[in-house]
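Trainee: Quick one: this structure, given as structure tokens, is what I'll be asking you about.
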Amino acid sequence: MDLNLVHRAVRTLPALVVMLSVSSAWGEAKPTGYQVSQADRQRIDQLADLLDIHCVQCHGPDKGQGGIDLSLMLREQPMVRNRLDWVNVLQRISDGDMPPRRHPQPTAEERRALAGLIDRLVMRFDYAEVATAGYEPVRRLTHREYSNTLRDLLGIDWDAAEMFPTEMVGESGFDNSANTLFLQSGMMQRYLSAAERAIELALPGGASRQQWERVIGKRAAAMRAGERQAEAAFDDFLPRAFRRAVTDKEATNALAHYRSAVQRGKPHDRALRAALKNTLIEAPFLLRMEAVPDRVPKPGSVEKIGPYALASRLSYFLWASMPDDELMRLAAEQNPAKRLDHPAVLRAQVDRMLKDPKSLTLGKNFASQWLGFTHLGSRRRPDPIDMPEFTDSLMHAMRMESAHVFHDIVKHDRPLMQIIDSDFTFVNEELARFYGWRGIKGEHMRRIKLPNDRRGGFLTQASILMVTAFPDRTSPVVRGNWILSELLGTPPPPPPPDVGEFDERLEEAGLSPQRMMQLHSQKPSCANCHSRIDPLGFALENYDQFGRWRTRLEDGPRIRASGKLPEGVAFDGPDAFKDALLKTRLDDMNRQISRKMLSYALGRQLGYTDEHAVRTIAKNVKADGYKAKSLVYSIVQSEPFLYQAVPSKGVSE
Amino acid sequence: MKTPQKPTNVSQKSVRGSWRMNRRTLLRGLGVSMALPLLDIMEAPRALAGAAQGSAAQPPVRLGYLYFPNGSAEGSWKPRKVDNNRRLVQLNEWMSPLEPYKQDLIIPSNLWTPRGNGHGGGTATWLTGGDYNDRKVDAGGPSIDQIAARHLGDGTVLSSLELSLRGEGNFSKELSRNNMSWRSSSTPVHREIEPRVIFDRMFLNRQGGVVDGSVLDRVANNAKDLKRNASTADQRKIDEYLESVRAIERRIEFADQISKEAGRDRALTDTLVRPAAGIPIEHQAYMRLMLDLMAMAWWADATRVASFMLDHGQSNRYFNFVPGVKGTWHALSHWRDFSGKTEDDDGVTKWDSRGSKLSMYNKVTRWHHEQFAYLLKRLHELEEDGEPLINRCVLLYGSSLADGHEHGDEDLPLIVAGHGSMPGQAKMQTGKYFRYKRPTSLNRLHLSIAQRAGVPITRFAEADSPLSIV
């Protein structure tokens, strides 16, 4: 084993590292000059020395145990590119898990030095140094966006994407991530038939004047049949369908659809319908590409996105649908003080848009994917034979409860603390009965004040409690892990590789989950992490695997949901637990929601070059008393939202 | 604008005559959802595609890739008896459904995937031979079926056909576990799950108001205008769009061709029956309908390259409908742990011993062999130029995991089936079992299979020498 491997790796590190975009799946890269400073270079050398001696034999290019190759990780600068792996390394070293006991151990001083160096190079890295605006490549509309867009463009009430293939979700956790939105050739077939059906619904045979007005505008609808009317129709329809100003050539092309239909012998109104339908399979309708195509963006430049692109970014963020007339008008505005990209105008539009019921998509799409309650009924589904009371409508109400609560917090500018604890929720009759509350009638979801402190906040909602449990029992580990990973964005390191065998041996000994959990905590390699995970989950033991309140385990002892957070704050019962969480972890949650919401707003997964923007947003939100709206304001005024770094040509990964 | 190749001559009548299939065999296969005379209309497609690859004298080779997840238990893939010439004398208990077809099979062993592995990565890279990067959605390269489609797919209505069954349970939406065909290292190819949609993509004619070619020309031209002013990354996205428009164009050409041919016989046009919309409830009926569509696509020469994910990676589907089986497939694959309490388990199903769980795991494998055997049977029944279609096929059937409990990547369960070959090639060594002394890369097998079909490549992933057995 060559102990100098890491060393050599560092020496060959070029002075100027060409940094590549991590979010781009297309091979394009944003070259940003990142200079490893002289001081950092020394630190990296020291770190390489220590790792060489103690770690690289197993975690190097030869063995790469646990999938960790430290020499490779050291080559990748800045080190935050592998942040989570380094956090894991730091934790293992500080906890004394690594190197394993059977190997020679570093001295206490060396351990401190290792931890100190990683802390300095990773945990205290200044992200402002590497911040870039990022780039969202063109992507197709998600199926949900497509349905909503057809609805708002044509005024129809029809879920076009119902029979579309399931949307796949990649690492960002959101279905609107550009790197997973492929336009497969089979999709065009569906777009074609959906376009046809949509136009049929919007403009049935013998459509009324009103129906025509809704689609082609008042002016065109009032005109006499003929080519002039078709022209006027496209003046109105095309910019709305393309979500931007259109070029003369595009207008002419649209008219060509109409003319060729007339030439084929179609009567005027059928030809007009055909031409409208054809517009719905054009690239600028199906793809998110709202930059007006009047010039080529300069490769390598950082520039403001255009006002139309901004209008769409806003509307797909807050509404998961196309911009409405007002947004389009503000995008077209000539006076910069009145234009959409003026901060005051932008802010006013956010206010207006959040009032619109369409902003419920922030709960239905964003929060449901962030917190995972979208999986209730699909990934998590009680057995319909054993549990007939879990009807589709009940699970729908559970998802909608969470969606509405999130929407309500944002819409009414409530503090983000209410995500963890609040005194209201949304229910309908079926869900209220499930929770054991009386006097609520009807199917519609309504806001109510909570009758007691057993409920309040997402941690106590049935949807969340169900997706974080096993079908037959609760799992404090799963719930604890969910809180740390999803809600707070501080995932525990992955379990050590031998964990499976250990589990297996325990299982075969026929031990109860509680007893196993205790044993876990006694085994040192488990205990370090499980002492941070398990107490969070145990705090929620008063809620069973379906989210129902309980005070005893089945045929078992009374539940004592008390414990201590890793930070040392003690609590007794779920309500006190939430207080403790707010006291100690509010800023983690703030940063996590800032990260997640920015990722959703941009439609791409974030990389370390976005971290500066994330932290700036979180800082603004904190300064504003953690008000939910300031989160939205800060996102839409952040650099990644307003600017784009156009990829340069010829740089490939 | 590219147009599919037109038939150079129409004097293939005699050839086409022999294409007509035996109606009874067809009826047996198609089940309830397709009517009897359906395939009478399908003599036409060959006319369109005939010129592309072979002549009438040299019919094309069809390639098929059939994937199943969760591996196969240790020992379950080893034939019971092999003679001194490596000939298969008897398969084992779990492989018994394939016994009647053993002369069509090659069973290679000790093949492995040197780079991609696991439930997610292994599925995504089974056909790419690369390493999967979740963050970048990158499978390390285009998949072998897509490379083959590039060379073989020009004249057919679909350059390739990608099928899978609708997912069930965890991971049914997760990208890497649901894709194995990649147009480029970062572009998975969408897989069809609905029988009717598959049928329509091949055989639906333009009735129902499908747009005509001039419309498609215009939308494509508009998109090309936009492409000129786009960044490189965006240009690639617009190319995806253009490709999807082109696919529609090809389909329309194909449909036109069919209706022209069929138009001569009024009775035929009236009897083209599509599968019912939606998805058959019974899993076996669903699977077999999809296998039928696959066989039909090859037979009609609607495509020469088809792949089918019999299930998605790490499938947690229940196979309780198989007698003597309970629990989900992935849970069963972890047969050494029968506590019923692992995270893979549903918390309800319990087993009494390792042995019984293992036997259930094997029963699920055997059930899939039954389905594969069904496909082989169909390929024997369907004829082309008086020969069974299996003689024109080279199929790869198997998994990206060895024993599911170990998540092993060595000694993968794989079978090559069929006798397809190009002029001048030696015959496939079917009916045999080969054990490689050293772990040998699956990519070499991919390379030899592609070469069998005349795909002019000499390298695939890291492999630069084909395996002599295929």
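Chain identifiers are assigned as A, B, and so on, following the order in which chains appear in the structure tokens; residues are numbered from 1 within each chain, and ligands are numbered from 1 in order of appearance.
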Would you mind writing down, as number ranges by chain, each residue of region 143-249 of chain B that DSSP on the backbone assigns to alpha helix (DSSP H)?

Mentor: B: 144-152, 195-203, 213-228, 232-249

Trainee: Please produce a file of the residues just selected, as a compact mmCIF listing (two decimals), in the first residue's frame, where the atoms kept are N, CA and C atoms.

Mentor:
```txt
# COMPACT_ATOMS: atom_id res chain seq x y z
N ILE B 144 -26.94 -1.00 -24.56
CA ILE B 144 -26.65 -1.80 -25.75
C ILE B 144 -27.88 -1.89 -26.66
N ASP B 145 -29.08 -1.93 -26.09
CA ASP B 145 -30.26 -2.00 -26.95
C ASP B 145 -30.41 -0.73 -27.78
N GLN B 146 -30.07 0.42 -27.17
CA GLN B 146 -30.20 1.67 -27.92
C GLN B 146 -29.10 1.81 -28.97
N ILE B 147 -27.93 1.29 -28.65
CA ILE B 147 -26.86 1.30 -29.66
C ILE B 147 -27.29 0.43 -30.83
N ALA B 148 -27.85 -0.74 -30.51
CA ALA B 148 -28.32 -1.63 -31.57
C ALA B 148 -29.43 -0.96 -32.37
N ALA B 149 -30.34 -0.27 -31.66
CA ALA B 149 -31.46 0.38 -32.34
C ALA B 149 -30.97 1.44 -33.33
N ARG B 150 -29.90 2.09 -32.97
CA ARG B 150 -29.35 3.11 -33.85
C ARG B 150 -28.95 2.49 -35.19
N HIS B 151 -28.48 1.26 -35.14
CA HIS B 151 -28.01 0.62 -36.37
C HIS B 151 -29.09 -0.18 -37.07
N LEU B 152 -30.03 -0.71 -36.30
CA LEU B 152 -31.01 -1.62 -36.90
C LEU B 152 -32.37 -0.97 -37.08
N PRO B 195 -50.82 -1.83 -22.62
CA PRO B 195 -50.88 -2.59 -23.87
C PRO B 195 -51.46 -1.79 -25.03
N ARG B 196 -52.52 -1.05 -24.76
CA ARG B 196 -53.14 -0.35 -25.88
C ARG B 196 -52.20 0.70 -26.49
N VAL B 197 -51.50 1.39 -25.63
CA VAL B 197 -50.60 2.42 -26.13
C VAL B 197 -49.51 1.79 -27.01
N ILE B 198 -49.04 0.63 -26.59
CA ILE B 198 -48.01 -0.05 -27.36
C ILE B 198 -48.55 -0.44 -28.73
N PHE B 199 -49.74 -0.98 -28.70
CA PHE B 199 -50.37 -1.35 -29.95
C PHE B 199 -50.51 -0.13 -30.86
N ASP B 200 -50.99 0.98 -30.28
CA ASP B 200 -51.21 2.19 -31.07
C ASP B 200 -49.91 2.72 -31.67
N ARG B 201 -48.87 2.62 -30.90
CA ARG B 201 -47.60 3.15 -31.41
C ARG B 201 -47.14 2.37 -32.63
N MET B 202 -47.60 1.14 -32.74
CA MET B 202 -47.17 0.37 -33.89
C MET B 202 -48.21 0.33 -35.00
N PHE B 203 -49.46 0.17 -34.62
CA PHE B 203 -50.43 -0.23 -35.62
C PHE B 203 -51.61 0.71 -35.84
N GLY B 213 -48.47 15.08 -41.88
CA GLY B 213 -47.05 15.38 -41.98
C GLY B 213 -46.72 16.85 -42.09
N SER B 214 -47.57 17.62 -42.77
CA SER B 214 -47.22 19.02 -42.97
C SER B 214 -47.21 19.77 -41.63
N VAL B 215 -48.12 19.41 -40.76
CA VAL B 215 -48.14 20.04 -39.43
C VAL B 215 -46.85 19.72 -38.70
N LEU B 216 -46.47 18.46 -38.77
CA LEU B 216 -45.26 18.05 -38.06
C LEU B 216 -44.03 18.75 -38.66
N ASP B 217 -44.03 18.89 -39.97
CA ASP B 217 -42.93 19.64 -40.60
C ASP B 217 -42.83 21.03 -40.02
N ARG B 218 -43.98 21.66 -39.89
CA ARG B 218 -43.97 23.05 -39.42
C ARG B 218 -43.52 23.15 -37.96
N VAL B 219 -44.07 22.27 -37.10
CA VAL B 219 -43.65 22.41 -35.70
C VAL B 219 -42.16 22.08 -35.55
N ALA B 220 -41.69 21.14 -36.35
CA ALA B 220 -40.27 20.80 -36.28
C ALA B 220 -39.42 21.98 -36.75
N ASN B 221 -39.87 22.62 -37.83
CA ASN B 221 -39.09 23.78 -38.32
C ASN B 221 -39.07 24.92 -37.31
N ASN B 222 -40.20 25.14 -36.68
CA ASN B 222 -40.23 26.18 -35.65
C ASN B 222 -39.23 25.88 -34.54
N ALA B 223 -39.22 24.60 -34.14
CA ALA B 223 -38.31 24.23 -33.06
C ALA B 223 -36.85 24.39 -33.51
N LYS B 224 -36.60 24.11 -34.78
CA LYS B 224 -35.22 24.26 -35.27
C LYS B 224 -34.79 25.73 -35.24
N ASP B 225 -35.75 26.61 -35.52
CA ASP B 225 -35.44 28.05 -35.42
C ASP B 225 -34.99 28.38 -34.00
N LEU B 226 -35.73 27.85 -33.04
CA LEU B 226 -35.40 28.14 -31.64
C LEU B 226 -34.04 27.56 -31.27
N LYS B 227 -33.77 26.43 -31.85
CA LYS B 227 -32.53 25.74 -31.51
C LYS B 227 -31.30 26.58 -31.87
N ARG B 228 -31.43 27.30 -32.96
CA ARG B 228 -30.28 28.11 -33.39
C ARG B 228 -29.88 29.15 -32.34
N THR B 232 -26.04 25.31 -25.61
CA THR B 232 -25.79 23.91 -25.97
C THR B 232 -26.69 22.97 -25.19
N ALA B 233 -26.83 23.25 -23.91
CA ALA B 233 -27.66 22.38 -23.06
C ALA B 233 -29.09 22.38 -23.57
N ASP B 234 -29.57 23.55 -23.92
CA ASP B 234 -30.95 23.65 -24.38
C ASP B 234 -31.13 23.02 -25.75
N GLN B 235 -30.09 23.12 -26.57
CA GLN B 235 -30.19 22.50 -27.89
C GLN B 235 -30.47 21.01 -27.77
N ARG B 236 -29.84 20.41 -26.78
CA ARG B 236 -30.05 18.98 -26.60
C ARG B 236 -31.49 18.67 -26.23
N LYS B 237 -32.07 19.57 -25.43
CA LYS B 237 -33.47 19.37 -25.04
C LYS B 237 -34.37 19.51 -26.26
N ILE B 238 -34.05 20.48 -27.09
CA ILE B 238 -34.88 20.67 -28.28
C ILE B 238 -34.72 19.48 -29.23
N ASP B 239 -33.53 18.88 -29.23
CA ASP B 239 -33.34 17.66 -30.02
C ASP B 239 -34.26 16.54 -29.55
N GLU B 240 -34.43 16.46 -28.23
CA GLU B 240 -35.36 15.45 -27.71
C GLU B 240 -36.75 15.69 -28.30
N TYR B 241 -37.11 16.96 -28.33
CA TYR B 241 -38.42 17.31 -28.89
C TYR B 241 -38.50 16.90 -30.35
N LEU B 242 -37.47 17.26 -31.12
CA LEU B 242 -37.48 16.94 -32.55
C LEU B 242 -37.54 15.43 -32.77
N GLU B 243 -36.83 14.71 -31.94
CA GLU B 243 -36.85 13.25 -32.06
C GLU B 243 -38.27 12.72 -31.83
N SER B 244 -38.97 13.31 -30.89
CA SER B 244 -40.31 12.81 -30.61
C SER B 244 -41.27 13.17 -31.75
N VAL B 245 -41.03 14.29 -32.41
CA VAL B 245 -41.85 14.64 -33.57
C VAL B 245 -41.57 13.65 -34.71
N ARG B 246 -40.31 13.34 -34.88
CA ARG B 246 -39.93 12.40 -35.94
C ARG B 246 -40.58 11.03 -35.72
N ALA B 247 -40.66 10.64 -34.45
CA ALA B 247 -41.25 9.33 -34.15
C ALA B 247 -42.70 9.29 -34.61
N ILE B 248 -43.40 10.40 -34.43
CA ILE B 248 -44.78 10.46 -34.90
C ILE B 248 -44.83 10.37 -36.42
N GLU B 249 -43.92 11.05 -37.07
CA GLU B 249 -43.91 11.01 -38.53
C GLU B 249 -43.75 9.59 -39.06
```

Trainee: Would you mind listing what lies within 12 Å of region 478-481 of chain A as a VMD selection string, with only C-alpha atoms counted and same-chain residues fewer than 4 positions away left out?

Mentor: (chain A and resid 371 459 to 460 464 to 470 473 to 474 485 to 495 529 to 541 543 to 545 547 565 to 566) or (chain B and resid 343)

Trainee: Distance CA of Gly300 (chain A)-CA of Arg591 (chain A), one decimal place?

Mentor: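 Result for CA of Gly300 (chain A) versus CA of Arg591 (chain A): 29.5 Å, one decimal.
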
Trainee: Please list as an NGL selection string every residue within 10 Å of region 85-97 of chain B, counting only C-alpha atoms and excluding residues in the same chain fewer than 3 positions away.

Mentor: :B and (75-82 or 100-103 or 105-107 or 359 or 362-374 or 429-435)

Trainee: Could you save those same residues with N, CA and C atoms as a compact mmCIF listing (two decimals), in the first residue's frame?

Mentor:
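Written out: selection-v3.txt:
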```txt
# COMPACT_ATOMS: atom_id res chain seq x y z
N GLY B 75 -27.51 -21.34 -6.58
CA GLY B 75 -27.80 -22.72 -6.94
C GLY B 75 -29.01 -22.89 -7.83
N SER B 76 -29.91 -21.89 -7.83
CA SER B 76 -31.15 -22.05 -8.59
C SER B 76 -30.95 -21.92 -10.09
N TRP B 77 -29.74 -21.52 -10.50
CA TRP B 77 -29.52 -21.27 -11.92
C TRP B 77 -28.62 -22.35 -12.54
N LYS B 78 -28.27 -23.34 -11.75
CA LYS B 78 -27.33 -24.34 -12.22
C LYS B 78 -28.09 -25.56 -12.74
N PRO B 79 -27.83 -25.97 -13.97
CA PRO B 79 -28.53 -27.15 -14.48
C PRO B 79 -28.18 -28.38 -13.64
N ARG B 80 -29.13 -29.31 -13.58
CA ARG B 80 -28.84 -30.50 -12.78
C ARG B 80 -27.83 -31.39 -13.48
N LYS B 81 -27.98 -31.54 -14.80
CA LYS B 81 -27.10 -32.48 -15.49
C LYS B 81 -26.61 -31.88 -16.81
N VAL B 82 -25.30 -31.95 -16.98
CA VAL B 82 -24.68 -31.46 -18.21
C VAL B 82 -23.73 -32.55 -18.67
N PRO B 100 -38.52 -27.73 -21.94
CA PRO B 100 -38.85 -28.03 -23.34
C PRO B 100 -38.05 -27.18 -24.34
N TYR B 101 -37.47 -26.09 -23.87
CA TYR B 101 -36.80 -25.18 -24.81
C TYR B 101 -35.29 -25.20 -24.63
N LYS B 102 -34.77 -26.20 -23.94
CA LYS B 102 -33.35 -26.10 -23.59
C LYS B 102 -32.45 -26.11 -24.81
N GLN B 103 -32.93 -26.65 -25.92
CA GLN B 103 -32.10 -26.62 -27.13
C GLN B 103 -31.97 -25.21 -27.71
N LEU B 105 -31.36 -22.64 -25.70
CA LEU B 105 -30.73 -21.82 -24.66
C LEU B 105 -29.22 -21.99 -24.57
N ILE B 106 -28.58 -20.91 -24.17
CA ILE B 106 -27.22 -20.99 -23.69
C ILE B 106 -27.26 -20.50 -22.25
N ILE B 107 -26.71 -21.28 -21.33
CA ILE B 107 -26.64 -20.80 -19.95
C ILE B 107 -25.18 -20.52 -19.62
N SER B 359 -37.66 -21.23 -0.60
CA SER B 359 -38.42 -21.94 -1.61
C SER B 359 -39.46 -21.00 -2.26
N ASN B 362 -37.60 -18.91 -4.77
CA ASN B 362 -37.37 -19.70 -5.97
C ASN B 362 -38.63 -19.90 -6.79
N LYS B 363 -39.77 -19.98 -6.09
CA LYS B 363 -41.02 -20.16 -6.83
C LYS B 363 -41.33 -18.92 -7.66
N VAL B 364 -40.98 -17.75 -7.12
CA VAL B 364 -41.21 -16.52 -7.89
C VAL B 364 -40.30 -16.51 -9.12
N THR B 365 -39.06 -16.96 -8.93
CA THR B 365 -38.16 -17.07 -10.07
C THR B 365 -38.75 -18.03 -11.10
N ARG B 366 -39.23 -19.18 -10.61
CA ARG B 366 -39.77 -20.17 -11.54
C ARG B 366 -40.99 -19.63 -12.27
N TRP B 367 -41.79 -18.84 -11.56
CA TRP B 367 -42.96 -18.25 -12.22
C TRP B 367 -42.51 -17.38 -13.40
N HIS B 368 -41.43 -16.64 -13.21
CA HIS B 368 -40.95 -15.81 -14.31
C HIS B 368 -40.41 -16.66 -15.45
N HIS B 369 -39.80 -17.80 -15.10
CA HIS B 369 -39.36 -18.72 -16.16
C HIS B 369 -40.56 -19.20 -16.98
N GLU B 370 -41.67 -19.44 -16.29
CA GLU B 370 -42.87 -19.86 -17.01
C GLU B 370 -43.28 -18.82 -18.05
N GLN B 371 -43.15 -17.55 -17.66
CA GLN B 371 -43.54 -16.50 -18.59
C GLN B 371 -42.56 -16.40 -19.76
N PHE B 372 -41.28 -16.57 -19.43
CA PHE B 372 -40.27 -16.53 -20.49
C PHE B 372 -40.48 -17.72 -21.43
N ALA B 373 -40.83 -18.87 -20.85
CA ALA B 373 -41.10 -20.05 -21.66
C ALA B 373 -42.29 -19.79 -22.59
N TYR B 374 -43.25 -19.03 -22.08
CA TYR B 374 -44.39 -18.68 -22.92
C TYR B 374 -43.94 -17.89 -24.14
N GLN B 429 -24.03 -21.56 -30.02
CA GLN B 429 -23.82 -22.85 -29.36
C GLN B 429 -24.95 -23.14 -28.38
N THR B 430 -26.12 -23.19 -28.91
CA THR B 430 -27.28 -23.36 -28.03
C THR B 430 -27.34 -24.78 -27.47
N GLY B 431 -28.14 -24.90 -26.43
CA GLY B 431 -28.29 -26.20 -25.78
C GLY B 431 -27.14 -26.51 -24.85
N LYS B 432 -26.35 -25.47 -24.49
CA LYS B 432 -25.15 -25.74 -23.70
C LYS B 432 -25.04 -24.86 -22.45
N TYR B 433 -24.22 -25.35 -21.57
CA TYR B 433 -23.92 -24.64 -20.32
C TYR B 433 -22.43 -24.33 -20.30
N PHE B 434 -22.12 -23.08 -20.11
CA PHE B 434 -20.70 -22.69 -20.08
C PHE B 434 -20.36 -22.08 -18.74
N ARG B 435 -19.28 -22.55 -18.15
CA ARG B 435 -18.86 -21.93 -16.91
C ARG B 435 -17.49 -21.31 -17.15
```

Trainee: Counting only C-alpha atoms, which residue out of B:Gly454, B:Met360, B:Leu165, B:Asn179 sits closest to Val325 (chain B)?

Mentor: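 Once distances to Val325 (chain B) are computed over only C-alpha atoms, the minimum belongs to B:Met360.
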
Trainee: Select from region 289-465 of chain B everything DSSP, run on the backbone, classes as strand (DSSP E), then give the selection as number ranges by chain.

Mentor: B: 305-309, 383-384, 387-388, 393-398, 414-417, 432-441

Trainee: Can you write just those residues out, N, CA and C atoms, as a CSV table (one decimal), in the first residue's frame?

Mentor:
```
chain,number,residue,atom,x,y,z
B,305,VAL,N,-35.6,-4.3,-32.2
B,305,VAL,CA,-35.0,-4.3,-30.9
B,305,VAL,C,-36.0,-4.0,-29.8
B,306,ALA,N,-36.3,-5.0,-28.9
B,306,ALA,CA,-37.3,-4.7,-27.9
B,306,ALA,C,-36.7,-5.1,-26.5
B,307,SER,N,-37.0,-4.4,-25.5
B,307,SER,CA,-36.6,-4.7,-24.2
B,307,SER,C,-37.8,-4.7,-23.3
B,308,PHE,N,-37.7,-5.5,-22.2
B,308,PHE,CA,-38.9,-5.6,-21.4
B,308,PHE,C,-38.4,-5.8,-19.9
B,309,MET,N,-38.8,-4.9,-19.1
B,309,MET,CA,-38.5,-5.0,-17.7
B,309,MET,C,-39.7,-5.8,-17.1
B,383,GLU,N,-44.2,-17.7,-37.5
B,383,GLU,CA,-43.2,-18.1,-38.6
B,383,GLU,C,-42.9,-17.0,-39.5
B,384,GLU,N,-41.7,-17.0,-40.0
B,384,GLU,CA,-41.3,-16.1,-41.0
B,384,GLU,C,-40.6,-16.9,-42.1
B,387,GLU,N,-40.0,-20.5,-41.4
B,387,GLU,CA,-39.1,-20.8,-40.2
B,387,GLU,C,-39.7,-20.2,-39.0
B,388,PRO,N,-39.5,-20.9,-37.9
B,388,PRO,CA,-40.0,-20.3,-36.6
B,388,PRO,C,-39.2,-19.1,-36.3
B,393,CYS,N,-34.1,-14.8,-33.7
B,393,CYS,CA,-34.0,-13.9,-32.5
B,393,CYS,C,-32.8,-14.2,-31.7
B,394,VAL,N,-32.3,-13.3,-31.1
B,394,VAL,CA,-31.3,-13.5,-30.0
B,394,VAL,C,-31.8,-12.7,-28.8
B,395,LEU,N,-32.1,-13.5,-27.7
B,395,LEU,CA,-32.7,-12.8,-26.5
B,395,LEU,C,-31.7,-13.0,-25.3
B,396,LEU,N,-31.7,-12.0,-24.5
B,396,LEU,CA,-31.0,-12.1,-23.3
B,396,LEU,C,-32.0,-11.9,-22.2
B,397,TYR,N,-32.0,-12.9,-21.3
B,397,TYR,CA,-33.0,-12.9,-20.2
B,397,TYR,C,-32.2,-13.1,-18.9
B,398,GLY,N,-32.5,-12.3,-17.9
B,398,GLY,CA,-31.8,-12.4,-16.6
B,398,GLY,C,-31.9,-11.2,-15.7
B,414,LEU,N,-28.2,-15.6,-16.0
B,414,LEU,CA,-28.4,-15.1,-17.3
B,414,LEU,C,-28.7,-16.3,-18.3
B,415,ILE,N,-29.5,-16.0,-19.3
B,415,ILE,CA,-29.8,-17.0,-20.3
B,415,ILE,C,-29.8,-16.3,-21.6
B,416,VAL,N,-29.1,-16.9,-22.6
B,416,VAL,CA,-29.2,-16.4,-24.0
B,416,VAL,C,-30.1,-17.4,-24.7
B,417,ALA,N,-31.1,-16.9,-25.5
B,417,ALA,CA,-32.0,-17.8,-26.2
B,417,ALA,C,-32.1,-17.4,-27.7
B,432,LYS,N,-26.4,-25.5,-24.5
B,432,LYS,CA,-25.2,-25.7,-23.7
B,432,LYS,C,-25.0,-24.9,-22.5
B,433,TYR,N,-24.2,-25.3,-21.6
B,433,TYR,CA,-23.9,-24.6,-20.3
B,433,TYR,C,-22.4,-24.3,-20.3
B,434,PHE,N,-22.1,-23.1,-20.1
B,434,PHE,CA,-20.7,-22.7,-20.1
B,434,PHE,C,-20.4,-22.1,-18.7
B,435,ARG,N,-19.3,-22.6,-18.1
B,435,ARG,CA,-18.9,-21.9,-16.9
B,435,ARG,C,-17.5,-21.3,-17.2
B,436,TYR,N,-17.4,-20.0,-17.0
B,436,TYR,CA,-16.1,-19.4,-17.1
B,436,TYR,C,-15.3,-19.5,-15.8
B,437,LYS,N,-14.0,-19.8,-16.0
B,437,LYS,CA,-13.2,-20.0,-14.9
B,437,LYS,C,-13.1,-18.7,-14.0
B,438,ARG,N,-12.8,-17.6,-14.8
B,438,ARG,CA,-12.7,-16.3,-14.1
B,438,ARG,C,-13.9,-15.5,-14.3
B,439,PRO,N,-14.2,-14.6,-13.3
B,439,PRO,CA,-15.4,-13.7,-13.5
B,439,PRO,C,-15.2,-13.0,-14.8
B,440,THR,N,-16.2,-13.0,-15.7
B,440,THR,CA,-16.1,-12.4,-17.0
B,440,THR,C,-17.2,-11.4,-17.2
B,441,SER,N,-16.8,-10.3,-17.8
B,441,SER,CA,-17.7,-9.2,-17.9
B,441,SER,C,-19.0,-9.4,-18.8
```

Trainee: Would you mind listing what lies within 10 Å of Gly129 (chain B) as a list in words, with only C-alpha atoms counted and same-chain residues fewer than 4 positions away left out?

Mentor: Trp112, Thr113, Pro114, Arg115, Gly116, Asn117, Gly122, Ala124, Thr125, Ala139, Gly140, Gly141, Pro142, Ser143, Ile144, Ser441, Leu442, Asn443, Arg444, His446, Phe460, Ala461, Glu462 and Ala463 of chain B

Trainee: Print the selection's residues with C-alpha atoms to a file, as a compact mmCIF listing (two decimals), in the first residue's frame.

Mentor:
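Everything below was put into again-v5.txt:
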```txt
# COMPACT_ATOMS: atom_id res chain seq x y z
CA TRP B 112 -20.64 -10.29 -13.73
CA THR B 113 -20.93 -6.51 -13.91
CA PRO B 114 -17.59 -5.02 -12.95
CA ARG B 115 -19.00 -1.56 -12.29
CA GLY B 116 -22.70 -1.05 -11.71
CA ASN B 117 -24.43 -2.97 -9.00
CA GLY B 122 -27.63 -2.42 -11.16
CA ALA B 124 -30.03 1.18 -14.57
CA THR B 125 -26.71 -0.17 -15.83
CA ALA B 139 -25.79 5.50 -16.39
CA GLY B 140 -22.25 5.65 -17.69
CA GLY B 141 -23.13 5.35 -21.36
CA PRO B 142 -25.89 4.49 -23.79
CA SER B 143 -27.38 1.03 -23.36
CA ILE B 144 -26.65 -1.80 -25.75
CA SER B 441 -17.73 -9.16 -17.88
CA LEU B 442 -21.36 -9.18 -18.96
CA ASN B 443 -20.38 -6.46 -21.40
CA ARG B 444 -18.58 -9.00 -23.52
CA HIS B 446 -23.66 -7.71 -24.76
CA PHE B 460 -18.91 -1.99 -25.73
CA ALA B 461 -18.23 -0.28 -22.40
CA GLU B 462 -14.86 -1.70 -21.34
CA ALA B 463 -15.25 -4.86 -23.42
```

Trainee: Measuring atom to atom with only C-alpha atoms, identify which of A:Arg75, A:Arg101, A:Arg111, A:Arg264 is nearest to chain B.

Mentor: A:Arg264
